[in-house]
>>> print(open('work_10.cif').read())   # mmCIF, C-alpha atoms
data_structure
loop_
_atom_site.label_atom_id
_atom_site.label_comp_id
_atom_site.auth_asym_id
_atom_site.auth_seq_id
_atom_site.Cartn_x
_atom_site.Cartn_y
_atom_site.Cartn_z
CA MET A 580 -16.86 11.61 -60.99
CA ALA A 581 -17.46 15.17 -59.74
CA THR A 582 -20.66 16.83 -60.96
CA ILE A 583 -19.88 19.96 -62.98
CA GLY A 584 -22.56 22.63 -63.24
CA ARG A 585 -22.73 25.70 -65.48
CA VAL A 586 -24.03 28.59 -63.36
CA ASN A 587 -23.23 30.54 -60.20
CA GLY A 588 -19.70 29.22 -59.92
CA ALA A 589 -20.93 25.62 -59.85
CA SER A 590 -18.03 24.36 -61.97
CA PHE A 591 -15.52 25.79 -59.50
CA ASN A 592 -17.46 24.73 -56.41
CA ASN A 593 -17.86 21.12 -57.55
CA THR A 594 -14.28 20.64 -58.66
CA PRO A 595 -12.39 18.20 -56.40
CA ARG A 596 -10.55 20.28 -53.81
CA LEU A 597 -8.85 17.82 -51.48
CA SER A 598 -5.16 17.08 -51.82
CA TYR A 599 -2.97 14.79 -49.75
CA ILE A 600 0.75 14.94 -48.97
CA ALA A 601 2.71 11.74 -48.50
CA THR A 602 4.61 11.45 -45.22
CA ALA A 603 6.60 8.44 -46.46
CA ALA A 604 7.17 6.57 -49.71
CA PHE A 605 3.65 5.56 -50.77
CA ASN A 606 4.16 3.21 -53.74
CA THR A 607 2.87 0.23 -51.75
CA PHE A 608 -0.19 2.25 -50.66
CA PHE A 609 -1.11 3.33 -54.22
CA TYR A 610 -3.61 1.04 -55.96
CA SER A 611 -5.17 0.35 -59.31
CA TYR A 612 -8.64 -1.21 -59.41
CA SER A 613 -10.17 -3.55 -61.96
CA THR A 614 -13.19 -5.80 -62.21
CA SER A 615 -13.79 -9.08 -64.03
CA LEU A 616 -16.24 -11.97 -64.19
CA ASN A 617 -15.30 -15.21 -62.47
CA ALA A 618 -16.31 -18.70 -63.59
CA SER A 619 -19.70 -18.24 -61.90
CA LEU A 620 -20.26 -15.00 -63.85
CA VAL A 621 -19.98 -12.99 -60.64
CA THR A 622 -18.21 -9.63 -60.82
CA VAL A 623 -15.07 -9.56 -58.69
CA GLY A 624 -12.90 -6.56 -57.96
CA THR A 625 -9.11 -6.55 -57.61
CA LEU A 626 -6.70 -4.07 -56.12
CA ALA A 627 -3.12 -4.09 -57.38
CA ALA A 628 -0.08 -1.86 -57.16
CA VAL A 629 -0.11 1.02 -59.63
CA THR A 630 2.07 0.07 -62.58
CA GLY A 631 5.27 2.10 -62.62
CA ALA A 632 5.00 3.25 -59.00
CA THR A 633 8.28 2.89 -57.10
CA ALA A 634 9.73 4.23 -53.87
CA GLY A 635 11.85 6.55 -56.01
CA ASN A 636 8.98 8.24 -57.88
CA CYS A 637 6.51 8.07 -54.98
CA PRO A 638 8.55 9.77 -52.23
CA ALA A 639 7.61 11.48 -49.00
CA GLY A 640 6.54 15.07 -49.63
CA ARG A 641 4.70 14.32 -52.88
CA VAL A 642 1.28 15.98 -53.24
CA LEU A 643 -1.60 13.86 -54.59
CA ARG A 644 -4.79 15.49 -55.88
CA GLU A 645 -8.27 13.96 -55.85
CA ASN A 646 -9.68 13.22 -59.29
CA GLY A 647 -13.28 12.68 -58.19
CA ARG A 648 -13.32 8.87 -58.30
CA LYS A 649 -14.40 6.89 -55.21
CA LEU A 650 -14.56 3.24 -54.23
CA TYR A 651 -17.05 2.15 -51.56
CA PRO A 652 -17.32 -1.08 -49.55
CA GLY A 653 -20.37 -3.03 -50.71
CA ALA A 654 -20.96 -0.91 -53.79
CA ASN A 655 -17.66 -1.88 -55.44
CA PRO A 656 -16.78 -5.60 -55.48
CA GLY A 657 -13.71 -6.55 -53.49
CA ILE A 658 -13.52 -3.22 -51.66
CA THR A 659 -13.49 -3.39 -47.86
CA THR A 660 -12.58 0.20 -47.02
CA TYR A 661 -13.32 3.62 -48.52
CA LEU A 662 -10.77 4.64 -51.16
CA VAL A 663 -10.40 7.87 -53.14
CA GLY A 664 -8.96 8.38 -56.59
CA VAL A 665 -5.90 10.62 -56.86
CA TYR A 666 -3.30 11.61 -59.42
CA ASP A 667 0.32 12.71 -59.13
CA ALA A 668 0.87 15.88 -61.17
CA GLN A 669 4.62 15.19 -61.39
CA THR A 670 4.61 11.59 -62.65
CA LEU A 671 1.03 11.62 -64.04
CA LEU A 672 0.40 8.31 -62.28
CA SER A 673 -3.12 7.86 -60.99
CA GLY A 674 -4.81 5.35 -58.72
CA PHE A 675 -6.59 4.97 -55.41
CA ILE A 676 -5.45 5.56 -51.83
CA ASP A 677 -6.90 5.12 -48.38
CA PRO A 678 -7.11 8.81 -47.37
CA ASN A 679 -6.76 7.86 -43.70
CA ALA A 680 -3.68 5.67 -44.12
CA ALA A 681 -0.69 6.56 -41.96
CA VAL A 682 1.41 7.64 -44.95
CA PHE A 683 -0.95 10.47 -46.02
CA GLN A 684 -1.93 13.81 -44.53
CA ILE A 685 -4.42 16.42 -45.75
CA TYR A 686 -2.40 18.97 -47.74
CA ASN A 687 -4.86 21.84 -48.14
CA THR A 688 -8.65 21.71 -47.95
CA ASP A 689 -9.16 25.16 -49.44
CA LYS A 690 -7.21 25.00 -52.72
CA PRO A 691 -8.60 23.58 -55.99
CA THR A 692 -6.66 20.53 -57.13
CA TYR A 693 -5.96 22.01 -60.57
CA LEU A 694 -3.68 24.68 -59.06
CA SER A 695 0.01 23.80 -58.93
CA ASP A 696 1.89 23.23 -55.67
CA GLY A 697 2.34 26.46 -53.77
CA VAL A 698 5.72 28.18 -53.33
CA GLU A 699 6.19 30.21 -50.15
CA PRO A 700 7.06 33.79 -51.31
CA THR A 701 9.58 34.61 -48.57
CA ALA A 702 11.55 31.37 -48.34
CA ASN A 703 10.92 30.51 -52.02
CA THR A 704 10.38 26.85 -51.08
CA THR A 705 7.63 24.50 -52.23
CA ASP A 706 4.85 24.24 -49.66
CA GLN A 707 4.85 20.98 -47.73
CA GLY A 708 2.15 21.72 -45.17
CA PRO A 709 1.40 24.09 -42.31
CA SER A 710 2.98 23.98 -38.86
CA VAL A 711 1.20 22.27 -36.00
CA PHE A 712 0.39 24.20 -32.81
CA THR A 713 -2.07 22.76 -30.36
CA ARG A 714 -3.14 23.11 -26.74
CA GLY A 715 -3.72 19.38 -26.56
CA LYS A 716 -1.47 16.36 -26.92
CA VAL A 717 0.17 15.16 -30.11
CA THR A 718 0.10 11.36 -30.10
CA ALA A 719 1.51 9.01 -32.74
CA ILE A 720 1.60 5.22 -32.78
CA GLY A 721 4.72 5.49 -34.95
CA ASP A 722 7.62 7.94 -35.11
CA ILE A 723 7.28 11.70 -34.77
CA ILE A 724 9.90 13.03 -37.18
CA SER A 725 11.12 16.51 -37.99
CA THR A 726 12.95 16.86 -41.29
CA GLY A 727 13.59 20.57 -40.81
CA GLY A 728 10.61 22.11 -39.02
CA SER A 729 8.83 21.93 -35.70
CA VAL A 730 5.76 20.56 -33.94
CA THR A 731 4.66 22.65 -30.96
CA ALA A 732 2.20 21.51 -28.31
CA ILE A 733 1.20 23.07 -25.00
CA GLY A 734 0.49 19.50 -23.92
CA ASP A 735 2.64 16.38 -24.39
CA ILE A 736 4.15 15.16 -27.63
CA ILE A 737 3.99 11.38 -27.36
CA SER A 738 5.12 8.49 -29.53
CA THR A 739 3.53 5.26 -28.33
CA GLY A 740 5.39 2.98 -30.69
CA GLY A 741 8.32 4.84 -32.24
CA GLN A 742 10.69 7.75 -31.66
CA ILE A 743 10.56 11.52 -31.47
CA ARG A 744 13.48 12.61 -33.61
CA SER A 745 14.96 14.69 -36.38
CA SER A 746 15.91 12.67 -39.45
CA THR A 747 18.43 15.22 -40.78
CA VAL A 748 22.18 14.56 -40.54
CA THR A 749 24.36 17.61 -41.29
CA ALA A 750 27.96 17.10 -42.36
CA LEU A 751 30.42 19.84 -41.40
CA THR A 752 33.38 20.65 -43.64
CA ALA A 753 36.02 17.94 -43.36
CA ILE A 754 39.45 18.71 -41.88
CA SER A 755 41.85 17.68 -44.63
CA ALA A 756 44.92 19.86 -43.98
CA ASN A 757 47.50 20.24 -41.24
CA GLY A 758 47.38 23.14 -38.80
CA ALA A 759 44.46 25.24 -37.62
CA ALA A 760 41.27 24.88 -39.64
CA THR A 761 38.70 27.66 -40.04
CA ALA A 762 36.18 27.68 -37.19
CA GLN A 763 32.82 26.15 -38.05
CA GLU A 764 29.24 26.77 -36.96
CA ILE A 765 26.86 24.14 -35.59
CA ASN A 766 23.25 25.27 -36.05
CA SER A 767 20.82 23.06 -34.10
CA ALA A 768 17.93 24.39 -36.21
CA LEU A 769 19.21 22.10 -38.97
CA GLY A 770 18.75 18.91 -36.95
CA GLN A 771 20.06 16.86 -34.06
CA VAL A 772 23.04 15.06 -35.64
CA PHE A 773 26.22 16.66 -36.98
CA THR A 774 29.23 14.83 -38.37
CA ILE A 775 32.80 15.88 -39.10
CA THR A 776 35.74 14.02 -40.58
CA ALA A 777 39.32 14.75 -39.55
CA ALA A 778 42.00 13.36 -41.85
CA PRO A 779 45.03 15.71 -42.05
CA PRO A 780 47.76 14.10 -44.18
CA SER A 781 50.50 14.45 -41.51
CA GLY A 782 51.24 16.46 -38.43
CA VAL A 783 48.52 17.84 -36.15
CA ALA A 784 45.32 19.77 -36.85
CA SER A 785 42.89 21.81 -34.75
CA ILE A 786 39.46 23.43 -35.07
CA THR A 787 36.97 25.40 -32.99
CA LEU A 788 33.25 24.62 -33.19
CA ASP A 789 30.57 27.00 -31.90
CA HIS A 790 26.81 27.62 -32.00
CA THR A 791 26.19 31.30 -32.73
CA ALA A 792 22.68 30.87 -34.18
CA THR A 793 19.59 31.47 -32.04
CA GLN A 794 19.06 28.67 -29.54
CA THR A 795 15.84 27.15 -28.24
CA ALA A 796 15.58 25.79 -24.70
CA GLY A 797 15.53 22.01 -24.73
CA SER A 798 17.28 21.69 -28.08
CA ILE A 799 19.77 18.85 -28.29
CA PHE A 800 22.40 17.79 -30.74
CA SER A 801 25.14 15.19 -31.04
CA LEU A 802 28.46 15.55 -32.81
CA ILE A 803 29.97 12.45 -34.40
CA ILE A 804 33.69 12.75 -35.15
CA SER A 805 35.46 10.39 -37.52
CA ALA A 806 39.24 10.77 -37.22
CA THR A 807 41.62 9.00 -39.61
CA THR A 808 45.18 10.09 -38.92
CA VAL A 809 48.53 9.08 -37.50
CA GLN A 810 48.58 12.33 -35.50
CA ASN A 811 46.20 14.19 -33.18
CA THR A 812 43.38 16.58 -34.08
CA THR A 813 42.23 18.95 -31.34
CA PHE A 814 38.59 20.05 -31.12
CA THR A 815 37.74 23.08 -28.98
CA PHE A 816 34.36 24.73 -28.44
CA GLY A 817 33.37 28.38 -28.64
CA ALA A 818 31.75 30.71 -26.09
CA ASN A 819 28.21 29.41 -26.67
CA ILE A 820 29.09 25.80 -25.91
CA VAL A 821 30.12 24.71 -22.42
CA SER A 822 32.02 21.43 -22.65
CA ALA A 823 34.10 19.12 -20.51
CA GLY A 824 37.14 20.49 -22.33
CA THR A 825 38.93 19.99 -25.60
CA LEU A 826 38.75 16.68 -27.40
CA ILE A 827 42.00 15.34 -28.78
CA THR A 828 41.64 12.45 -31.17
CA THR A 829 43.93 9.54 -30.42
CA ALA A 830 46.88 9.03 -32.75
CA ALA A 831 47.02 5.52 -34.14
CA ALA A 832 49.35 3.66 -36.44
CA GLY A 833 48.07 2.65 -39.81
CA PRO A 834 46.53 5.20 -40.19
CA ALA A 835 43.46 3.93 -38.38
CA THR A 836 40.00 5.43 -37.96
CA ARG A 837 38.58 6.25 -34.54
CA PHE A 838 35.08 7.55 -33.74
CA PHE A 839 33.99 9.96 -30.99
CA THR A 840 30.50 11.18 -30.04
CA ILE A 841 29.66 14.25 -27.90
CA SER A 842 26.11 15.31 -26.96
CA PHE A 843 24.76 18.69 -25.80
CA VAL A 844 21.53 20.26 -24.49
CA SER A 845 20.53 23.96 -24.49
CA ASP A 846 18.97 26.15 -21.78
CA GLY A 847 18.05 28.70 -24.45
CA THR A 848 21.32 30.65 -24.44
CA THR A 849 24.09 28.07 -24.05
CA PHE A 850 24.64 24.45 -25.01
CA TYR A 851 25.98 22.23 -22.22
CA GLU A 852 27.77 18.95 -22.77
CA THR A 853 25.87 15.95 -21.41
CA SER A 854 28.13 13.10 -22.46
CA ARG A 855 31.05 12.02 -24.61
CA THR A 856 32.60 8.71 -25.59
CA ALA A 857 36.20 7.58 -25.59
CA ALA A 858 37.80 6.55 -28.88
CA GLN A 859 35.85 3.79 -30.60
CA ALA A 860 37.21 1.62 -33.37
#
>>> encode(input="work_10.cif", output="structure tokens")
Amino acid sequence: MATIGRVNGASFNNTPRLSYIATAAFNTFFYSYSTSLNASLVTVGTLAAVTGATAGNCPAGRVLRENGRKLYPGANPGITTYLVGVYDAQTLLSGFIDPNAAVFQIYNTDKPTYLSDGVEPTANTTDQGPSVFTRGKVTAIGDIISTGGSVTAIGDIISTGGQIRSSTVTALTAISANGAATAQEINSALGQVFTITAAPPSGVASITLDHTATQTAGSIFSLIISATTVQNTTFTFGANIVSAGTLITTAAAGPATRFFTISFVSDGTTFYETSRTAAQA
């Protein structure tokens, strides 16, 4: 446990200060530790999953705080790698983690663990971690994923065994009436995949899609259209999107559902269409 002194701020200085943020569900990386005597009266140590830990209550984005406990190879029976004790202030579960495991990242090395999670004053959102800006390369053996932010490097951003992608899918307002629908905005800052459903009850429908938000050169997005109708729905694009023309969904008896995908890339001021599919069943 941490040593707590009484003078010159020693109690504050010796309080555990490291916190970790989970980058994925961590229930299978969260351990309890116990010791017992075997038949030869030798102490053996055992790691097991923390009781009550599930993927649902141990999600990505959860902050874990050190509690001062440590497990060391050699000193603690059955331990082969350095582990630190942590607790979850939301579920009150506690256990041990490998602080260098792929599912954890240092949250803040300069904030005492007894303080609650920070809330950014301007955006009024719970802190999840600082941005990354580096002159060197960013290299990951697994995926490099953006769930709503950015990673900036003057050098390469490389995934050697996964993907570089945004995991957010944004659904636009469905087209559920005949006639012209209200124009809608696609904002690539929200992610790389947008979906829209067209299912007017009868007759034809139409809509214009545009990107009026600030663009970043190199940004990409794909639009997935799901059309269920016995008539046609016409998709046109606004002034900030250069496309190969309108897309008219194919009428089909049934009604039947057809899928269309269109992809775009930005030069910083305009999105340009790079590809589109024909109707897919």
>>> resolve_selection(input="work_10.cif", expression="the PyMOL selection byres ((chain A and resi 793) around 9)", output="mmCIF file with C-alpha atoms, in the frame of the given file")
data_model
loop_
_atom_site.group_PDB
_atom_site.id
_atom_site.type_symbol
_atom_site.label_atom_id
_atom_site.label_comp_id
_atom_site.auth_asym_id
_atom_site.auth_seq_id
_atom_site.Cartn_x
_atom_site.Cartn_y
_atom_site.Cartn_z
ATOM 1 C CA ASN A 766 23.250 25.270 -36.050
ATOM 2 C CA SER A 767 20.820 23.060 -34.100
ATOM 3 C CA ALA A 768 17.930 24.390 -36.210
ATOM 4 C CA HIS A 790 26.810 27.620 -32.000
ATOM 5 C CA THR A 791 26.190 31.300 -32.730
ATOM 6 C CA ALA A 792 22.680 30.870 -34.180
ATOM 7 C CA GLN A 794 19.060 28.670 -29.540
ATOM 8 C CA THR A 795 15.840 27.150 -28.240
ATOM 9 C CA GLY A 847 18.050 28.700 -24.450
ATOM 10 C CA THR A 848 21.320 30.650 -24.440
#
>>> residues_around(input="work_10.cif", residues="A:Ala627", least_positions_apart="2", cutoff="10 Å", atoms="all atoms listed in the file", output="PyMOL selection string")
chain A and resi 607-613+625+629-630+674-675
>>> closest_residue(input="work_10.cif", among="A:Pro834, A:Gly734, A:Gly817, A:Gly635", to="A:Tyr851", atoms="all atoms listed in the file")
A:Gly817
>>> residues_near_point(input="work_10.cif", point="(-0.6, 5.9, -45.2)", cutoff="12 Å", atoms="all atoms listed in the file", output="mmCIF file with C-alpha atoms, in the frame of the given file")
data_model
loop_
_atom_site.group_PDB
_atom_site.id
_atom_site.type_symbol
_atom_site.label_atom_id
_atom_site.label_comp_id
_atom_site.auth_asym_id
_atom_site.auth_seq_id
_atom_site.Cartn_x
_atom_site.Cartn_y
_atom_site.Cartn_z
ATOM 1 C CA TYR A 599 -2.970 14.790 -49.750
ATOM 2 C CA ILE A 600 0.750 14.940 -48.970
ATOM 3 C CA ALA A 601 2.710 11.740 -48.500
ATOM 4 C CA THR A 602 4.610 11.450 -45.220
ATOM 5 C CA ALA A 603 6.600 8.440 -46.460
ATOM 6 C CA ALA A 604 7.170 6.570 -49.710
ATOM 7 C CA PHE A 605 3.650 5.560 -50.770
ATOM 8 C CA ASN A 606 4.160 3.210 -53.740
ATOM 9 C CA THR A 607 2.870 0.230 -51.750
ATOM 10 C CA PHE A 608 -0.190 2.250 -50.660
ATOM 11 C CA PHE A 609 -1.110 3.330 -54.220
ATOM 12 C CA ALA A 639 7.610 11.480 -49.000
ATOM 13 C CA LEU A 662 -10.770 4.640 -51.160
ATOM 14 C CA PHE A 675 -6.590 4.970 -55.410
ATOM 15 C CA ILE A 676 -5.450 5.560 -51.830
ATOM 16 C CA ASP A 677 -6.900 5.120 -48.380
ATOM 17 C CA PRO A 678 -7.110 8.810 -47.370
ATOM 18 C CA ASN A 679 -6.760 7.860 -43.700
ATOM 19 C CA ALA A 680 -3.680 5.670 -44.120
ATOM 20 C CA ALA A 681 -0.690 6.560 -41.960
ATOM 21 C CA VAL A 682 1.410 7.640 -44.950
ATOM 22 C CA PHE A 683 -0.950 10.470 -46.020
ATOM 23 C CA GLN A 684 -1.930 13.810 -44.530
ATOM 24 C CA ILE A 685 -4.420 16.420 -45.750
ATOM 25 C CA GLY A 721 4.720 5.490 -34.950
#
>>> resolve_selection(input="work_10.cif", expression="the PyMOL selection byres ((chain A and resi 815) around 9)", output="CSV table (one decimal) with C-alpha atoms, in the coordinates of the input")
chain,number,residue,atom,x,y,z
A,785,SER,CA,42.9,21.8,-34.8
A,786,ILE,CA,39.5,23.4,-35.1
A,787,THR,CA,37.0,25.4,-33.0
A,788,LEU,CA,33.2,24.6,-33.2
A,789,ASP,CA,30.6,27.0,-31.9
A,813,THR,CA,42.2,19.0,-31.3
A,814,PHE,CA,38.6,20.0,-31.1
A,816,PHE,CA,34.4,24.7,-28.4
A,817,GLY,CA,33.4,28.4,-28.6
A,822,SER,CA,32.0,21.4,-22.6
A,824,GLY,CA,37.1,20.5,-22.3
A,825,THR,CA,38.9,20.0,-25.6
A,826,LEU,CA,38.8,16.7,-27.4
A,827,ILE,CA,42.0,15.3,-28.8
>>> closest_residue(input="work_10.cif", among="A:Ser805, A:Thr713, A:Pro691, A:Arg837", to="A:Leu751", atoms="all atoms listed in the file")
A:Ser805
>>> axis_aligned_box(input="work_10.cif", around="stretch 813-825 of chain A", padding_each_side="4 Å", output="JSON")
{"center_x": 35.2, "center_y": 24.8, "center_z": -25.9, "size_x": 22.0, "size_y": 19.8, "size_z": 18.8}
